[in-house]
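Asks: Structure: start.txt, compact mmCIF, C-alpha atoms and all ligand atoms.
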# COMPACT_ATOMS: atom_id res chain seq x y z
CA MET J 1 -59.20 -158.12 -37.51
CA ASN J 2 -61.37 -155.02 -37.10
CA ARG J 3 -64.97 -154.26 -38.03
CA THR J 4 -63.99 -152.90 -41.45
CA ASP J 5 -62.09 -156.10 -42.28
CA ILE J 6 -65.05 -158.17 -41.14
CA LEU J 7 -67.42 -156.16 -43.33
CA HIS J 8 -65.11 -156.63 -46.28
CA TYR J 9 -65.16 -160.40 -45.83
CA LEU J 10 -68.93 -160.39 -45.32
CA SER J 11 -69.31 -158.64 -48.67
CA GLY J 12 -67.98 -161.81 -50.29
CA ALA J 13 -65.00 -160.06 -51.86
CA LYS J 14 -62.48 -162.58 -50.51
CA ASP J 15 -64.38 -165.83 -49.94
CA GLU J 16 -61.63 -168.16 -51.08
CA GLU J 17 -59.05 -166.53 -48.88
CA LEU J 18 -61.45 -166.46 -45.92
CA PHE J 19 -62.49 -170.10 -46.21
CA ALA J 20 -58.91 -171.30 -46.72
CA ALA J 21 -57.69 -169.34 -43.69
CA ALA J 22 -60.54 -170.67 -41.52
CA HIS J 23 -59.83 -174.24 -42.57
CA ALA J 24 -56.10 -173.83 -41.91
CA GLU J 25 -56.90 -172.52 -38.44
CA LYS J 26 -59.25 -175.44 -37.79
CA LEU J 27 -56.50 -177.89 -38.85
CA ARG J 28 -53.91 -176.11 -36.70
CA VAL J 29 -56.02 -176.37 -33.53
CA PHE J 30 -57.97 -179.62 -34.06
CA GLY J 31 -56.04 -181.48 -36.76
CA LYS J 32 -58.27 -183.79 -38.76
CA ASP J 33 -60.58 -184.52 -35.85
CA VAL J 34 -64.26 -183.75 -36.18
CA TYR J 35 -66.10 -183.73 -32.85
CA LEU J 36 -69.36 -185.65 -32.71
CA ARG J 37 -72.36 -184.65 -30.63
CA GLY J 38 -75.48 -186.80 -30.53
CA ILE J 39 -78.51 -184.58 -30.01
CA ILE J 40 -81.71 -185.85 -28.41
CA GLU J 41 -84.57 -183.41 -28.98
CA PHE J 42 -86.71 -184.69 -26.14
CA SER J 43 -89.63 -182.25 -26.22
CA ASN J 44 -90.97 -179.80 -28.79
CA HIS J 45 -93.31 -178.06 -26.37
CA CYS J 46 -92.40 -174.40 -25.99
CA LYS J 47 -93.89 -171.53 -24.03
CA ASN J 48 -92.25 -168.90 -26.25
CA GLN J 49 -93.50 -167.12 -29.35
CA CYS J 50 -90.38 -166.53 -31.41
CA LEU J 51 -91.49 -165.27 -34.80
CA TYR J 52 -89.01 -167.44 -36.72
CA CYS J 53 -89.50 -170.80 -35.03
CA GLY J 54 -91.93 -173.60 -35.90
CA LEU J 55 -92.07 -174.75 -32.26
CA ARG J 56 -93.57 -171.42 -31.10
CA ALA J 57 -96.47 -171.88 -28.66
CA PRO J 58 -99.13 -170.35 -30.95
CA ASN J 59 -98.42 -172.93 -33.69
CA LYS J 60 -101.43 -175.17 -33.15
CA GLU J 61 -100.54 -177.35 -36.14
CA ALA J 62 -97.32 -178.63 -34.57
CA GLY J 63 -97.69 -182.26 -33.40
CA ARG J 64 -96.34 -181.96 -29.86
CA TYR J 65 -94.46 -184.72 -28.04
CA ARG J 66 -92.50 -185.30 -24.87
CA LEU J 67 -90.13 -188.20 -24.20
CA SER J 68 -90.17 -189.85 -20.79
CA ILE J 69 -87.22 -189.51 -18.43
CA GLU J 70 -86.48 -193.23 -18.82
CA ASN J 71 -86.55 -192.98 -22.60
CA ILE J 72 -84.15 -190.01 -22.62
CA ILE J 73 -81.71 -191.88 -20.38
CA THR J 74 -81.90 -195.02 -22.53
CA LEU J 75 -81.30 -193.08 -25.74
CA ALA J 76 -78.31 -191.24 -24.28
CA SER J 77 -76.83 -194.44 -22.87
CA GLY J 78 -76.71 -195.95 -26.36
CA LEU J 79 -74.44 -193.20 -27.73
CA PRO J 80 -70.99 -194.32 -26.47
CA GLU J 81 -71.12 -197.64 -28.33
CA LEU J 82 -71.94 -195.69 -31.50
CA GLY J 83 -68.70 -193.71 -31.10
CA PHE J 84 -70.19 -190.58 -29.59
CA GLY J 85 -68.63 -188.87 -26.53
CA THR J 86 -71.15 -186.09 -26.03
CA VAL J 87 -74.92 -186.02 -25.71
CA VAL J 88 -76.85 -182.80 -26.25
CA LEU J 89 -80.23 -182.74 -24.54
CA GLN J 90 -82.43 -180.15 -26.20
CA SER J 91 -86.06 -179.07 -25.94
CA GLY J 92 -88.25 -176.05 -26.40
CA ASP J 93 -88.72 -173.84 -23.32
CA ASP J 94 -90.72 -176.59 -21.65
CA TYR J 95 -91.24 -176.31 -17.89
CA HIS J 96 -93.04 -179.64 -17.73
CA TYR J 97 -89.68 -181.18 -16.79
CA SER J 98 -88.87 -180.03 -13.26
CA THR J 99 -85.45 -179.03 -11.90
CA ASP J 100 -85.21 -182.46 -10.29
CA ASP J 101 -86.32 -184.31 -13.44
CA ILE J 102 -83.45 -182.81 -15.42
CA ALA J 103 -80.97 -183.26 -12.53
CA ASN J 104 -82.02 -186.89 -12.32
CA ILE J 105 -81.52 -187.43 -16.07
CA VAL J 106 -78.09 -185.77 -15.89
CA SER J 107 -76.82 -187.64 -12.84
CA THR J 108 -78.06 -191.00 -14.11
CA ILE J 109 -76.32 -190.57 -17.48
CA LYS J 110 -73.14 -189.32 -15.79
CA SER J 111 -73.02 -192.24 -13.36
CA SER J 112 -73.41 -194.89 -16.06
CA THR J 113 -71.46 -193.49 -19.04
CA ASN J 114 -68.42 -191.38 -19.92
CA LEU J 115 -70.54 -188.91 -21.86
CA ALA J 116 -70.13 -185.17 -21.65
CA ILE J 117 -73.59 -183.65 -21.28
CA THR J 118 -74.69 -180.47 -22.99
CA LEU J 119 -78.02 -178.96 -22.01
CA SER J 120 -80.00 -176.74 -24.36
CA LEU J 121 -83.25 -176.04 -22.56
CA GLY J 122 -83.72 -172.29 -22.92
CA ASP J 123 -84.18 -169.64 -20.26
CA ARG J 124 -84.38 -171.64 -17.08
CA GLY J 125 -83.59 -170.18 -13.64
CA LEU J 126 -80.11 -169.67 -12.20
CA ASP J 127 -80.92 -172.03 -9.33
CA GLU J 128 -81.75 -174.68 -11.93
CA PHE J 129 -78.52 -174.04 -13.85
CA ARG J 130 -76.67 -174.51 -10.55
CA ALA J 131 -78.52 -177.72 -9.65
CA TRP J 132 -77.85 -179.26 -13.06
CA ARG J 133 -74.19 -178.29 -12.94
CA GLU J 134 -73.94 -179.97 -9.53
CA ALA J 135 -75.68 -183.03 -10.99
CA GLY J 136 -72.85 -183.24 -13.54
CA ALA J 137 -73.90 -181.23 -16.62
CA ASP J 138 -70.81 -180.03 -18.48
CA ARG J 139 -72.06 -177.57 -21.07
CA TYR J 140 -74.98 -175.29 -21.88
CA LEU J 141 -76.15 -173.85 -25.19
CA LEU J 142 -78.08 -170.59 -25.16
CA LYS J 143 -78.32 -168.91 -28.54
CA LEU J 144 -78.52 -165.16 -28.83
CA GLU J 145 -79.86 -165.48 -32.42
CA THR J 146 -78.82 -161.81 -32.86
CA THR J 147 -77.11 -159.32 -30.56
CA ASN J 148 -79.10 -156.41 -32.00
CA THR J 149 -81.55 -155.36 -29.28
CA LYS J 150 -84.22 -154.09 -31.64
CA LEU J 151 -84.11 -157.16 -33.86
CA TYR J 152 -83.93 -159.54 -30.89
CA GLU J 153 -86.97 -158.01 -29.26
CA LYS J 154 -88.88 -158.00 -32.52
CA CYS J 155 -88.13 -161.68 -33.20
CA ARG J 156 -88.61 -162.84 -29.61
CA PRO J 157 -91.71 -161.12 -28.16
CA ASN J 158 -91.60 -160.53 -24.38
CA GLU J 159 -87.96 -161.60 -24.16
CA SER J 160 -85.06 -159.35 -23.28
CA LEU J 161 -81.60 -159.49 -24.82
CA LYS J 162 -80.05 -158.13 -21.63
CA ASP J 163 -81.56 -161.00 -19.69
CA ARG J 164 -80.10 -163.45 -22.18
CA PHE J 165 -76.61 -161.96 -21.77
CA GLN J 166 -76.95 -162.21 -17.99
CA ARG J 167 -77.84 -165.88 -18.25
CA ILE J 168 -74.81 -166.55 -20.43
CA GLU J 169 -72.57 -164.84 -17.88
CA ALA J 170 -74.16 -166.78 -15.01
CA LEU J 171 -73.61 -170.07 -16.84
CA GLN J 172 -69.94 -169.17 -17.33
CA GLN J 173 -69.60 -168.37 -13.63
CA LEU J 174 -71.08 -171.75 -12.75
CA GLY J 175 -68.26 -173.39 -14.71
CA TYR J 176 -70.23 -174.63 -17.69
CA GLU J 177 -68.65 -174.65 -21.10
CA VAL J 178 -71.02 -172.18 -22.74
CA GLY J 179 -72.14 -171.94 -26.33
CA SER J 180 -74.14 -169.39 -28.22
CA GLY J 181 -74.66 -168.22 -31.75
CA ILE J 182 -76.82 -166.53 -34.28
CA ILE J 183 -79.19 -167.07 -37.18
CA THR J 184 -77.95 -165.33 -40.32
CA GLY J 185 -80.41 -163.66 -42.68
CA LEU J 186 -83.18 -162.91 -40.21
CA PRO J 187 -85.53 -160.23 -41.60
CA ASP J 188 -83.88 -156.77 -41.55
CA MET J 189 -80.46 -158.18 -40.74
CA THR J 190 -77.62 -156.46 -42.59
CA ASN J 191 -73.90 -157.13 -42.86
CA GLU J 192 -73.44 -154.41 -40.22
CA THR J 193 -75.68 -156.42 -37.88
CA LEU J 194 -73.63 -159.55 -38.60
CA ALA J 195 -70.32 -157.75 -38.02
CA ASP J 196 -71.55 -156.51 -34.64
CA ASP J 197 -72.81 -160.01 -33.79
CA ILE J 198 -69.42 -161.53 -34.64
CA LEU J 199 -67.57 -159.00 -32.47
CA LYS J 200 -70.00 -159.35 -29.57
CA LEU J 201 -69.89 -163.17 -29.64
CA THR J 202 -66.09 -162.99 -29.68
CA GLU J 203 -66.05 -160.64 -26.70
CA LEU J 204 -67.98 -163.23 -24.66
CA ARG J 205 -65.10 -165.75 -24.94
CA LEU J 206 -67.47 -168.62 -25.58
CA ASP J 207 -66.52 -172.27 -25.80
CA MET J 208 -68.98 -173.00 -28.60
CA LEU J 209 -70.17 -170.75 -31.39
CA ALA J 210 -72.71 -171.38 -34.11
CA ALA J 211 -74.16 -169.68 -37.16
CA GLY J 212 -76.96 -171.13 -39.27
CA PRO J 213 -79.06 -169.61 -42.06
CA PHE J 214 -82.65 -168.50 -41.45
CA ILE J 215 -85.25 -170.76 -43.10
CA PRO J 216 -88.85 -169.48 -43.10
CA HIS J 217 -91.35 -171.86 -41.54
CA PRO J 218 -94.85 -171.82 -43.11
CA GLN J 219 -96.63 -171.83 -39.73
CA THR J 220 -94.90 -168.73 -38.35
CA PRO J 221 -95.31 -164.96 -38.82
CA PHE J 222 -92.05 -164.98 -40.82
CA LYS J 223 -93.42 -167.42 -43.39
CA ASP J 224 -93.20 -164.99 -46.31
CA MET J 225 -89.76 -163.61 -45.49
CA ASP J 226 -86.70 -164.39 -47.61
CA ASN J 227 -84.49 -167.18 -46.37
CA GLY J 228 -80.92 -166.58 -45.29
CA THR J 229 -78.11 -167.85 -47.50
CA THR J 230 -75.67 -170.64 -46.75
CA GLN J 231 -72.94 -168.37 -48.09
CA ASP J 232 -73.56 -165.83 -45.31
CA ALA J 233 -73.57 -168.60 -42.70
CA PHE J 234 -70.27 -169.98 -44.09
CA ARG J 235 -68.72 -166.52 -43.96
CA VAL J 236 -69.85 -165.90 -40.38
CA SER J 237 -68.66 -169.35 -39.23
CA ALA J 238 -65.28 -168.81 -40.91
CA LEU J 239 -64.88 -165.36 -39.33
CA LEU J 240 -65.83 -166.77 -35.93
CA ARG J 241 -63.14 -169.43 -36.39
CA LEU J 242 -60.47 -166.83 -37.19
CA LEU J 243 -61.44 -164.70 -34.20
CA ASN J 244 -61.97 -167.68 -31.84
CA PRO J 245 -59.44 -170.31 -32.97
CA GLU J 246 -60.07 -172.67 -30.06
CA ALA J 247 -63.86 -172.57 -29.98
CA ASN J 248 -65.96 -175.55 -30.98
CA ILE J 249 -67.96 -174.51 -34.05
CA PRO J 250 -70.61 -176.84 -35.51
CA ALA J 251 -71.55 -177.22 -39.14
CA THR J 252 -75.25 -176.58 -38.44
CA SER J 253 -78.08 -178.78 -39.74
CA ALA J 254 -79.73 -175.72 -41.29
CA LEU J 255 -76.85 -175.63 -43.82
CA ASP J 256 -77.93 -179.05 -45.08
CA ALA J 257 -81.58 -178.02 -45.21
CA LEU J 258 -80.73 -175.26 -47.71
CA GLU J 259 -77.89 -176.77 -49.69
CA GLN J 260 -76.83 -180.27 -50.57
CA ASP J 261 -73.58 -181.03 -48.71
CA GLY J 262 -73.96 -177.78 -46.75
CA ARG J 263 -72.54 -179.32 -43.56
CA LYS J 264 -69.66 -180.89 -45.49
CA LYS J 265 -68.74 -177.50 -46.86
CA GLY J 266 -68.94 -176.08 -43.35
CA LEU J 267 -66.43 -178.70 -42.18
CA GLN J 268 -64.03 -177.47 -44.87
CA ARG J 269 -64.49 -173.83 -43.93
CA GLY J 270 -63.62 -173.65 -40.25
CA CYS J 271 -66.25 -175.81 -38.53
CA ASN J 272 -65.05 -178.75 -36.39
CA VAL J 273 -68.24 -180.19 -34.90
CA ILE J 274 -71.21 -182.10 -36.23
CA MET J 275 -74.38 -182.75 -34.29
CA PRO J 276 -76.66 -185.40 -35.81
CA SER J 277 -80.06 -186.07 -34.27
CA PHE J 278 -80.74 -189.24 -32.29
CA THR J 279 -84.33 -188.30 -31.58
CA PRO J 280 -86.51 -191.40 -32.13
CA GLU J 281 -87.90 -191.78 -35.63
CA GLU J 282 -91.54 -191.71 -34.46
CA VAL J 283 -91.28 -188.12 -33.26
CA ARG J 284 -88.19 -186.74 -35.01
CA ALA J 285 -90.05 -185.04 -37.86
CA ASN J 286 -92.14 -183.13 -35.33
CA TYR J 287 -89.06 -181.30 -34.05
CA LYS J 288 -89.65 -179.02 -36.96
CA ILE J 289 -87.98 -175.74 -36.10
CA TYR J 290 -87.74 -175.02 -39.83
CA PRO J 291 -88.62 -176.96 -43.01
CA GLY J 292 -86.01 -179.55 -43.92
CA LYS J 293 -85.10 -180.20 -40.26
CA ASN J 294 -84.90 -183.89 -39.31
CA THR J 295 -86.22 -185.21 -42.63
CA PHE J 296 -83.88 -188.22 -42.75
CA SER J 297 -85.18 -191.70 -41.93
CA ALA J 298 -82.25 -193.74 -40.61
CA GLY J 299 -82.27 -195.40 -37.19
CA ALA J 300 -79.60 -194.57 -34.59
CA VAL J 301 -76.98 -197.15 -35.66
CA GLU J 302 -77.30 -196.33 -39.34
CA ASN J 303 -77.40 -192.62 -38.63
CA ALA J 304 -74.14 -192.74 -36.65
CA ARG J 305 -72.48 -194.83 -39.34
CA LEU J 306 -73.52 -192.45 -42.12
CA VAL J 307 -72.12 -189.40 -40.35
CA GLN J 308 -68.85 -191.17 -39.50
CA GLU J 309 -68.52 -192.40 -43.07
CA MET J 310 -69.13 -188.90 -44.42
CA ILE J 311 -66.34 -187.57 -42.19
CA ARG J 312 -63.92 -190.33 -43.21
CA ASN J 313 -64.71 -189.82 -46.88
CA MET J 314 -63.65 -186.20 -46.47
CA GLY J 315 -60.27 -187.36 -45.14
CA PHE J 316 -61.13 -186.38 -41.56
CA ILE J 317 -61.42 -188.43 -38.36
CA PRO J 318 -64.68 -188.91 -36.44
CA TYR J 319 -63.47 -188.22 -32.89
CA ALA J 320 -65.05 -190.51 -30.30
CA GLY J 321 -63.96 -188.60 -27.16
CA GLN J 322 -65.83 -185.85 -25.36
CA GLY J 323 -64.24 -183.09 -27.42
CA PRO J 324 -64.14 -180.46 -24.68
CA SER J 325 -63.38 -176.79 -25.07
CA LYS J 326 -59.77 -176.06 -25.97
CA ARG J 327 -60.14 -172.44 -24.98
CA LYS J 328 -57.28 -171.37 -22.71
CA ASN J 329 -58.67 -167.96 -21.82
CA ARG J 330 -62.10 -169.27 -20.91
CA SER J 331 -64.38 -166.70 -19.41
CA LYS J 332 -65.25 -167.17 -15.73
CA GLY J 333 -68.23 -164.93 -16.35
N1 LIG S 401 -84.36 -171.05 -39.42
C1 LIG S 401 -83.09 -171.38 -39.05
N2 LIG S 401 -82.71 -171.63 -37.80
C2 LIG S 401 -83.65 -171.54 -36.85
N3 LIG S 401 -83.58 -171.72 -35.52
C3 LIG S 401 -84.81 -171.51 -35.01
N4 LIG S 401 -85.67 -171.19 -35.98
C4 LIG S 401 -84.99 -171.20 -37.14
C5 LIG S 401 -85.33 -170.94 -38.50
N5 LIG S 401 -86.57 -170.63 -38.86
C6 LIG S 401 -82.34 -172.10 -34.84
C7 LIG S 401 -82.08 -171.21 -33.64
C8 LIG S 401 -82.30 -172.14 -32.48
C9 LIG S 401 -81.86 -173.46 -33.05
C10 LIG S 401 -82.30 -174.67 -32.30
O1 LIG S 401 -82.41 -173.43 -34.35
O2 LIG S 401 -80.76 -170.74 -33.65
O3 LIG S 401 -81.57 -171.75 -31.35
Could you show the structure in this file as structure tokens?
Replies:
Amino acid sequence: MNRTDILHYLSGAKDEELFAAAHAEKLRVFGKDVYLRGIIEFSNHCKNQCLYCGLRAPNKEAGRYRLSIENIITLASGLPELGFGTVVLQSGDDYHYSTDDIANIVSTIKSSTNLAITLSLGDRGLDEFRAWREAGADRYLLKLETTNTKLYEKCRPNESLKDRFQRIEALQQLGYEVGSGIITGLPDMTNETLADDILKLTELRLDMLAAGPFIPHPQTPFKDMDNGTTQDAFRVSALLRLLNPEANIPATSALDALEQDGRKKGLQRGCNVIMPSFTPEEVRANYKIYPGKNTFSAGAVENARLVQEMIRNMGFIPYAGQGPSKRKNRSKG
């Protein structure tokens, strides 16, 4: 598939064909399995100022929280009995947790469970990535959000896209399964931008790929911008599936924030992963990256059951294993 084909699909001219092909490819590689990841959003402190994100440092109205190391370990340790084989530990860019703190969390979870551990902690140092890998971390998520330099640098003040690419490459060299992705419908984004993003993400030979629609947050500089559409996010996810058949692709939570059953539709259009939040109820609503994030009120047991039931009702299987990368030509960086 070349750039012209991608642009044609992005125009919406052949949605049915695109979604059916993506789903067929998902079934071919993963069968009916849907991989489960339990995400623990352990801190919403962030030093960055991304114009789209509600956790940005200048947002003084955000109720900030941090979970203790012990609490994070306890929450993660409860996931296997709920049928989850992967924990995702995510936070803002929060340097309050030292290299050793994170290494300690990782090694404790690894020594007491069979969980795969995904870290999603932002732009930490290469020495830290190495230490956490040695402590047992399996995967790392570092979103590009867009691969357009001008747009990236507009949306993420004082951050460099080149630097982000270098980190992704370093993570691959360290042997992590690496994931990245984009937000669709950021201000000034066009189908040309999306086509280039899709091609660039594919070139990186990533293990995990994600696309979610932009949702304006009222306490950010982008508050008056138009939101992205779920349709665009579905198209990008489906195209990513066709170009990266073996990658793990989540049906993102942002789909559900914009459209009822958004994630369900994603799972029928090429996505094979779902990542419900297991952040404690007392703080969950404060992990408000965008409106509609973490608005549900179930506890962990109920939450796991609801997601598994949703998957079964769709005729799919909630997969309790680690669900590692199936990529055969994984990049070594
Ligand atoms: N709308 C949609 N997605 C967003 N993200 C951050 N801000 C927004 C927003 N306003 C996504 C980014 C980030 C992930 C945790 O949430 O892709 O990496």
Asks: Enumerate as number ranges by chain the residues within 9 Å of ligand LIG 401 (chain S), counting only C-alpha atoms and all ligand atoms.
Replies: J: 50-55, 90-92, 120, 122, 141-145, 180-186, 210-217, 220, 222-223, 227-228, 252-255, 288-291
Asks: Rank J:Met225, J:Leu115, J:Ile40, J:Ile69 by their smallest atom-to-atom distance to Gln322 (chain J), using all atoms listed in the file, and report the top residue only.
Replies: J:Leu115
Asks: What separation in Å, quoted to one decimal, exists between CA of Gln231 (chain J) and CA of Gly270 (chain J)?
Replies: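 So the two atoms, CA of Gln231 (chain J) and CA of Gly270 (chain J), lie 13.3 Å apart.
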Asks: Suppose you want the space between CA of Glu134 (chain J) and CA of Ser107 (chain J); what is it in Å?
Replies: 8.8 Å
Asks: From the list J:Asn244, J:Asn272, J:Thr118, J:Gln219, which residue is nearest Pro58 (chain J) when using only C-alpha atoms?
Replies: J:Gln219
Asks: Please, what distance in Å, to one decimal, runs between CA of Asn286 (chain J) and CA of Asp123 (chain J)?
Replies: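 Separating CA of Asn286 (chain J) from CA of Asp123 (chain J) is a distance of 21.7 Å.
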Asks: With a distance cut-off of 9 Å and only C-alpha atoms, select the neighbouring residues of Thr99 (chain J), excluding the residue or stretch itself and same-chain residues fewer than 2 positions from it, and output the selection as a PyMOL selection string.
Replies: chain J and resi 95+97+101-104+127-129+131-132
Asks: (-74.0, -185.0, -40.5) in this file's frame - what residues fall within 9 Å of it? Use only C-alpha atoms and give the answer as a PyMOL selection string.
Replies: chain J and resi 251-253+256+263-264+274-277+303-304+306-308+310-311
Asks: Please produce a file of the residues just selected, as an mmCIF file, keeping the file's coordinate frame, where the atoms kept are C-alpha atoms.
Replies:
data_model
loop_
_atom_site.group_PDB
_atom_site.id
_atom_site.type_symbol
_atom_site.label_atom_id
_atom_site.label_comp_id
_atom_site.auth_asym_id
_atom_site.auth_seq_id
_atom_site.Cartn_x
_atom_site.Cartn_y
_atom_site.Cartn_z
ATOM 1 C CA ALA J 251 -71.550 -177.220 -39.140
ATOM 2 C CA THR J 252 -75.250 -176.580 -38.440
ATOM 3 C CA SER J 253 -78.080 -178.780 -39.740
ATOM 4 C CA ASP J 256 -77.930 -179.050 -45.080
ATOM 5 C CA ARG J 263 -72.540 -179.320 -43.560
ATOM 6 C CA LYS J 264 -69.660 -180.890 -45.490
ATOM 7 C CA ILE J 274 -71.210 -182.100 -36.230
ATOM 8 C CA MET J 275 -74.380 -182.750 -34.290
ATOM 9 C CA PRO J 276 -76.660 -185.400 -35.810
ATOM 10 C CA SER J 277 -80.060 -186.070 -34.270
ATOM 11 C CA ASN J 303 -77.400 -192.620 -38.630
ATOM 12 C CA ALA J 304 -74.140 -192.740 -36.650
ATOM 13 C CA LEU J 306 -73.520 -192.450 -42.120
ATOM 14 C CA VAL J 307 -72.120 -189.400 -40.350
ATOM 15 C CA GLN J 308 -68.850 -191.170 -39.500
ATOM 16 C CA MET J 310 -69.130 -188.900 -44.420
ATOM 17 C CA ILE J 311 -66.340 -187.570 -42.190
#
Asks: Ranking J:Arg133, J:Arg241, J:Arg305, J:Lys60 by minimum distance to Asp207 (chain J) and counting all atoms listed in the file, which one comes first?
Replies: J:Arg241
Asks: Looking at all atoms listed in the file, which of J:Ser98, J:Gln49, J:Thr279, J:Ser160 is the one that sits closest to Phe296 (chain J)?
Replies: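 For Phe296 (chain J), the nearest of the candidates is J:Thr279.
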Asks: Just checking: using all atoms listed in the file, which residue out of J:Ser11, J:Thr108, J:Gln166, J:Thr295 ends up closest to Thr190 (chain J)?
Replies: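 Among J:Ser11, J:Thr108, J:Gln166, J:Thr295, it is J:Ser11 that comes nearest to Thr190 (chain J).
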Asks: Would you please work out which residue, of J:Gly78, J:Arg167, J:Thr86, J:Leu243, is nearest to Ala21 (chain J) when using only C-alpha atoms?
Replies: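 When distances to Ala21 (chain J) are compared using only C-alpha atoms, the smallest one comes from J:Leu243.
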Asks: Which residues come within 8 Å of Ile117 (chain J), counting all atoms listed in the file, excluding same-chain residues fewer than 6 positions away, as a list in words?
Replies: Thr86, Val87, Val88, Leu89, Val106, Lys110, Gly136, Ala137, Asp138 and Arg139 of chain J
Asks: Output the selection as an mmCIF file, keeping the file's coordinate frame - C-alpha atoms for each residue.
Replies:
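File selection_37.cif, as written:
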data_model
loop_
_atom_site.group_PDB
_atom_site.id
_atom_site.type_symbol
_atom_site.label_atom_id
_atom_site.label_comp_id
_atom_site.auth_asym_id
_atom_site.auth_seq_id
_atom_site.Cartn_x
_atom_site.Cartn_y
_atom_site.Cartn_z
ATOM 1 C CA THR J 86 -71.150 -186.090 -26.030
ATOM 2 C CA VAL J 87 -74.920 -186.020 -25.710
ATOM 3 C CA VAL J 88 -76.850 -182.800 -26.250
ATOM 4 C CA LEU J 89 -80.230 -182.740 -24.540
ATOM 5 C CA VAL J 106 -78.090 -185.770 -15.890
ATOM 6 C CA LYS J 110 -73.140 -189.320 -15.790
ATOM 7 C CA GLY J 136 -72.850 -183.240 -13.540
ATOM 8 C CA ALA J 137 -73.900 -181.230 -16.620
ATOM 9 C CA ASP J 138 -70.810 -180.030 -18.480
ATOM 10 C CA ARG J 139 -72.060 -177.570 -21.070
#
Asks: Determine, counting all atoms listed in the file, which protein, DNA and RNA residues have an atom within 9 Å of an atom of Leu240 (chain J); residues of the same chain fewer than 5 positions away are not included. Present the result as JSON, numbers by chain.
Replies: {"J": [22, 198, 199, 201, 202, 209, 210, 211, 235, 245, 247, 249, 270]}
